[in-house]
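Raw contents of work.tsv, TSV, C-alpha atoms:
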chain	number	residue	atom	x	y	z
A	10	ASN	CA	62.98	90.51	90.98
A	11	THR	CA	63.15	86.93	89.72
A	12	GLN	CA	66.55	87.29	88.12
A	13	THR	CA	69.58	85.51	89.63
A	14	LEU	CA	73.09	86.65	88.79
A	15	VAL	CA	76.12	84.53	89.65
A	16	GLN	CA	79.60	86.05	89.26
A	17	GLN	CA	82.99	84.49	89.91
A	18	ASN	CA	86.46	85.99	89.68
A	19	THR	CA	89.35	83.53	89.88
A	20	VAL	CA	93.08	84.36	89.88
A	21	ILE	CA	95.80	81.76	89.36
A	22	ASP	CA	99.41	82.90	89.76
A	23	MET	CA	102.21	80.37	89.34
A	24	GLY	CA	105.78	80.23	88.22
A	25	PHE	CA	109.32	79.24	89.09
A	26	ARG	CA	112.65	80.89	89.77
A	27	LEU	CA	116.24	79.76	89.16
A	28	GLU	CA	119.03	81.50	91.07
A	29	ASN	CA	122.81	81.38	90.95
A	30	LYS	CA	125.23	83.00	93.41
A	31	HIS	CA	128.83	83.32	92.29
A	32	ILE	CA	131.26	84.44	95.01
A	33	LEU	CA	134.15	86.28	93.36
A	34	ASN	CA	135.95	87.08	96.62
A	35	PRO	CA	134.94	87.45	100.30
A	36	ASN	CA	133.68	90.98	99.63
A	37	LEU	CA	132.00	90.58	96.24
A	38	ALA	CA	129.32	88.23	94.93
A	39	LEU	CA	127.27	88.19	91.74
A	40	ASN	CA	123.71	86.88	91.74
A	41	THR	CA	121.94	85.97	88.53
A	42	GLY	CA	118.65	84.33	87.84
A	43	TYR	CA	115.65	83.67	85.67
A	44	GLN	CA	112.01	83.84	86.75
A	45	TYR	CA	108.96	82.69	84.84
A	46	ASN	CA	105.53	83.79	85.99
A	47	GLU	CA	102.10	83.02	84.56
A	48	ILE	CA	99.03	84.78	85.87
A	49	GLY	CA	95.53	83.90	84.72
A	50	VAL	CA	92.26	85.65	85.52
A	51	ARG	CA	88.87	84.10	84.82
A	52	ASN	CA	85.63	86.10	84.99
A	53	PHE	CA	82.41	84.10	84.93
A	54	GLU	CA	78.84	85.44	84.77
A	55	ASN	CA	75.60	83.50	84.67
A	56	ILE	CA	72.12	85.07	84.50
A	57	ASP	CA	69.01	82.90	84.62
A	58	ASN	CA	66.42	85.35	83.22
A	59	PRO	CA	67.06	86.02	80.35
A	60	ARG	CA	69.40	83.05	80.01
A	61	PHE	CA	72.97	84.32	79.57
A	62	SER	CA	76.35	82.82	80.47
A	63	ARG	CA	79.87	83.97	79.76
A	64	SER	CA	83.34	82.91	80.87
A	65	ILE	CA	86.42	84.92	79.89
A	66	LYS	CA	89.94	83.80	80.76
A	67	GLU	CA	93.01	85.94	80.19
A	68	VAL	CA	96.63	84.89	80.71
A	69	LEU	CA	99.87	86.87	80.87
A	70	ARG	CA	103.31	85.24	80.89
A	71	THR	CA	106.35	87.12	82.15
A	72	HIS	CA	110.00	86.16	81.67
A	73	SER	CA	112.51	87.92	83.93
A	74	LEU	CA	116.30	88.03	83.96
A	75	ILE	CA	117.88	89.15	87.22
A	76	ALA	CA	121.43	90.40	87.87
A	77	GLU	CA	122.75	91.70	91.21
A	78	ALA	CA	126.11	92.58	92.73
A	79	GLU	CA	126.62	92.28	96.51
A	80	ILE	CA	129.48	94.20	98.08
A	81	HIS	CA	130.65	93.85	101.71
A	82	SER	CA	133.38	95.90	103.36
A	83	ASN	CA	136.22	94.06	105.12
A	84	ASP	CA	134.90	95.11	108.54
A	85	LYS	CA	131.32	94.04	107.59
A	86	ARG	CA	129.95	97.51	108.43
A	87	LEU	CA	128.98	98.30	104.82
A	88	PHE	CA	126.66	96.21	102.65
A	89	LEU	CA	125.61	97.30	99.16
A	90	LYS	CA	123.43	95.41	96.69
A	91	LEU	CA	122.88	96.82	93.20
A	92	GLY	CA	120.56	94.98	90.87
A	93	LEU	CA	118.62	95.10	87.65
A	94	ARG	CA	115.58	93.10	86.69
A	95	PHE	CA	114.65	92.81	83.01
A	96	ASN	CA	111.04	91.73	82.36
A	97	TYR	CA	109.45	90.65	79.10
A	98	ILE	CA	105.66	90.30	79.10
A	99	GLU	CA	104.94	87.90	76.28
A	100	GLU	CA	101.33	88.69	75.31
A	101	LEU	CA	101.85	92.47	75.47
A	102	GLU	CA	105.29	92.33	73.79
A	103	THR	CA	106.49	94.75	76.47
A	104	TYR	CA	109.96	95.14	78.00
A	105	LEU	CA	110.45	96.62	81.47
A	106	PHE	CA	113.69	97.46	83.28
A	107	GLU	CA	113.53	97.59	87.07
A	108	PRO	CA	116.63	98.77	88.99
A	109	ARG	CA	117.07	97.84	92.67
A	110	LEU	CA	119.31	99.25	95.42
A	111	GLN	CA	119.95	98.16	99.00
A	112	PHE	CA	122.47	100.00	101.20
A	113	ASN	CA	123.21	99.17	104.86
A	114	TYR	CA	125.79	100.83	107.06
A	115	LYS	CA	126.54	100.05	110.73
A	116	PHE	CA	127.82	103.09	112.59
A	117	ASN	CA	128.53	100.84	115.59
A	118	GLU	CA	127.10	97.62	117.08
A	119	GLU	CA	123.85	99.35	118.10
A	120	LEU	CA	123.09	101.90	115.35
A	121	SER	CA	122.68	101.29	111.62
A	122	ILE	CA	121.10	102.96	108.60
A	123	GLU	CA	119.40	101.32	105.62
A	124	VAL	CA	118.45	102.87	102.27
A	125	LEU	CA	116.29	100.95	99.79
A	126	GLY	CA	115.19	101.93	96.30
A	127	GLU	CA	113.45	100.01	93.57
A	128	GLN	CA	111.11	100.10	90.62
A	129	LYS	CA	108.40	97.46	90.37
A	130	SER	CA	105.55	96.57	88.07
A	131	GLN	CA	102.34	94.55	88.32
A	132	THR	CA	100.12	93.22	85.55
A	133	ALA	CA	97.03	92.44	87.66
A	134	SER	CA	94.69	95.20	88.83
A	135	GLN	CA	91.60	95.27	90.95
A	136	ILE	CA	88.64	97.23	89.57
A	137	ILE	CA	85.35	98.21	91.17
A	138	ASP	CA	82.04	97.31	89.53
A	139	GLN	CA	79.03	99.31	90.72
A	140	GLN	CA	75.79	97.37	90.67
A	141	GLN	CA	73.25	99.25	88.55
A	142	ASP	CA	70.28	99.31	90.95
A	143	PHE	CA	69.14	101.38	93.90
A	144	LEU	CA	71.47	99.49	96.29
A	145	GLY	CA	74.67	100.52	94.45
A	146	ILE	CA	76.60	97.55	95.83
A	147	GLU	CA	80.32	97.71	95.21
A	148	LYS	CA	82.00	94.58	93.84
A	149	ARG	CA	85.71	94.23	93.24
A	150	ARG	CA	87.31	91.93	90.70
A	151	TRP	CA	90.75	91.26	89.31
A	152	ILE	CA	91.65	91.93	85.68
A	153	LEU	CA	94.87	91.80	83.67
A	154	SER	CA	96.63	94.69	82.00
A	155	ASP	CA	96.23	95.18	78.29
A	156	ASP	CA	98.75	98.09	78.31
A	157	ASP	CA	96.09	100.28	76.66
A	158	GLN	CA	92.92	100.86	78.66
A	159	ILE	CA	94.26	98.96	81.66
A	160	PRO	CA	97.92	99.96	82.02
A	161	ILE	CA	100.65	98.00	83.73
A	162	GLN	CA	100.98	99.36	87.25
A	163	LYS	CA	104.44	100.78	87.89
A	164	SER	CA	105.86	102.07	91.15
A	165	HIS	CA	109.01	103.78	92.34
A	166	GLN	CA	109.83	103.15	95.98
A	167	ILE	CA	112.49	104.70	98.19
A	168	SER	CA	112.88	104.21	101.92
A	169	ILE	CA	115.38	105.18	104.57
A	170	GLY	CA	115.53	103.76	108.04
A	171	LEU	CA	117.51	103.92	111.26
A	172	THR	CA	117.79	100.94	113.58
A	173	TYR	CA	118.94	100.95	117.19
A	174	LYS	CA	119.43	97.55	118.80
A	175	THR	CA	120.78	96.90	122.25
A	176	GLY	CA	120.22	93.90	124.48
A	177	GLN	CA	116.58	92.84	124.15
A	178	TRP	CA	115.47	96.20	122.69
A	179	LEU	CA	114.99	97.07	119.04
A	180	VAL	CA	113.90	100.53	117.89
A	181	SER	CA	113.39	101.13	114.19
A	182	LEU	CA	112.42	104.35	112.41
A	183	ASP	CA	111.55	104.08	108.71
A	184	ASN	CA	110.39	106.62	106.16
A	185	PHE	CA	109.22	105.65	102.69

Translate this structure into structure tokens?
Amino acid sequence: NTQTLVQQNTVIDMGFRLENKHILNPNLALNTGYQYNEIGVRNFENIDNPRFSRSIKEVLRTHSLIAEAEIHSNDKRLFLKLGLRFNYIEELETYLFEPRLQFNYKFNEELSIEVLGEQKSQTASQIIDQQQDFLGIEKRRWILSDDDQIPIQKSHQISIGLTYKTGQWLVSLDNF
């Protein structure tokens, strides 16, 4: 075969985050913030016979507002963080609410328990292209969600863990 195919898949992910921590008292703090994220994916193809070239670039911009409350007990055995993340994806005109929970409790100096729970979302997905010849070579490439044929990936995560720490030893058991 005298045909040459060149493919490129480029991902650029950049942004910034502003955070503020307001301590109301020794046991209570409020965290707020704003995060801006821009992700761009470029897919380039060039075929020499017949002559064909194409470059497609897609961009998604996400604005996020973050609010969290941190609570500590007086004896520092209990730590609780409750939060909410509000995302707006500009190009898709989509709003997403993502709650977050972190709970830690020390039974004593050696043994503690941690419970985590959160919802998350992701606008970039990896797809598999099968080459249409007898080799069937698998190629992966990144694409952005369009919230129609390529949905925004959403996950719900919960984990619970026990930690035992004494001297130089650390034993951790986690289930998620």

Atom-to-atom span, atom CA of A:Leu74 and atom CA of A:Leu93, Å: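 The value is 8.3 Å.
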
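Compared by their closest atoms to A:Ser64, and using all atoms listed in the file, the residues A:Asn29, A:Asn46, A:Asn96, A:Gln16 rank with A:Gln16 nearest.
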
Separation of atom CA of A:Gln166 from atom CA of A:Leu37 in Å: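 Atom-to-atom, atom CA of A:Leu37 to atom CA of A:Gln166, that is 25.5 Å.
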
Which residue of A:Lys66, A:Lys163, A:Arg60, A:Lys115 approaches A:Leu87 most closely, using all atoms listed in the file: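 Going through A:Lys66, A:Lys163, A:Arg60, A:Lys115 one by one, the smallest distance to A:Leu87 is for A:Lys115.
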
So which residues fall inside 10 Å of (67.0, 87.9, 89.2) if we count only C-alpha atoms? Mind giving them as a VMD selection string? chain A and resid 10 to 15 56 to 59

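By all atoms listed in the file, and with residues fewer than 4 positions from A:Trp151 along its chain excluded, the set lying at most 12 Å from it is Gln17, Asn18, Thr19, Val20, Ile21, Ile48, Gly49, Val50, Arg51, Asn52, Phe53, Lys66, Glu67, Thr132, Ala133, Ser134, Gln135, Ile136, Ile137, Asp138 and Ile159 of chain A.
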
May I ask for the distance between atom CA of A:Arg63 and atom CA of A:Gln158, given in Å to one decimal place? 21.4 Å

Across A:Ser62, A:Gln177, A:Asn40, A:Arg86, the smallest distance to A:Asn117, with only C-alpha atoms counted, is shown by A:Arg86

Excluding same-chain residues fewer than 6 positions from A:Gly92, what lies within 12 Å of it counting all atoms listed in the file, as JSON, numbers by chain? {"A": [38, 39, 40, 41, 42, 74, 75, 76, 77, 78, 79, 80, 106, 107, 108, 109, 110, 111, 112, 125, 126, 127, 128]}

Residue neighbourhood stretch 167-176 of chain A, 6 Å, all atoms listed in the file, exclusion window fewer than 3 positions, as a list in words: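 Those residues are Glu119, Leu120, Ser121, Ile122, Glu123, Val124, Leu125, Gly126, Leu179, Val180, Ser181, Leu182, Asp183, Asn184 and Phe185 of chain A.
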
Since we have the selection now, will you write its residues out, keeping C-alpha atoms, as a PDB file, in the frame of the given file?
ATOM      1  CA  GLU A 119     123.850  99.350 118.100  1.00  0.00           C
ATOM      2  CA  LEU A 120     123.090 101.900 115.350  1.00  0.00           C
ATOM      3  CA  SER A 121     122.680 101.290 111.620  1.00  0.00           C
ATOM      4  CA  ILE A 122     121.100 102.960 108.600  1.00  0.00           C
ATOM      5  CA  GLU A 123     119.400 101.320 105.620  1.00  0.00           C
ATOM      6  CA  VAL A 124     118.450 102.870 102.270  1.00  0.00           C
ATOM      7  CA  LEU A 125     116.290 100.950  99.790  1.00  0.00           C
ATOM      8  CA  GLY A 126     115.190 101.930  96.300  1.00  0.00           C
ATOM      9  CA  LEU A 179     114.990  97.070 119.040  1.00  0.00           C
ATOM     10  CA  VAL A 180     113.900 100.530 117.890  1.00  0.00           C
ATOM     11  CA  SER A 181     113.390 101.130 114.190  1.00  0.00           C
ATOM     12  CA  LEU A 182     112.420 104.350 112.410  1.00  0.00           C
ATOM     13  CA  ASP A 183     111.550 104.080 108.710  1.00  0.00           C
ATOM     14  CA  ASN A 184     110.390 106.620 106.160  1.00  0.00           C
ATOM     15  CA  PHE A 185     109.220 105.650 102.690  1.00  0.00           C
TER      16      PHE A 185
END

Skipping near chain neighbours, those fewer than 3 positions away, what residues fall within 7 Å of A:Tyr45 using all atoms listed in the file, listed as JSON, numbers by chain? {"A": [24, 25, 26, 71, 72, 73]}

Written selection (C-alpha atoms) as an mmCIF file, keeping the file's coordinate frame:
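What ended up in result06.cif:
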data_model
loop_
_atom_site.group_PDB
_atom_site.id
_atom_site.type_symbol
_atom_site.label_atom_id
_atom_site.label_comp_id
_atom_site.auth_asym_id
_atom_site.auth_seq_id
_atom_site.Cartn_x
_atom_site.Cartn_y
_atom_site.Cartn_z
ATOM 1 C CA GLY A 24 105.780 80.230 88.220
ATOM 2 C CA PHE A 25 109.320 79.240 89.090
ATOM 3 C CA ARG A 26 112.650 80.890 89.770
ATOM 4 C CA THR A 71 106.350 87.120 82.150
ATOM 5 C CA HIS A 72 110.000 86.160 81.670
ATOM 6 C CA SER A 73 112.510 87.920 83.930
#

Of the candidates A:Gln162, A:Asn36, A:Gln44, A:Asn113, which shows the shortest atom-to-atom distance to A:Phe95, using all atoms listed in the file? A:Gln44

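Proximity ranking of A:Asp156, A:Asn34, A:Met23, A:Tyr114 relative to A:Leu89 places A:Tyr114 first, based on only C-alpha atoms.
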
Across A:Leu91, A:Trp178, A:Glu54, A:His81, the smallest distance to A:Leu33, with all atoms listed in the file counted, is shown by A:His81
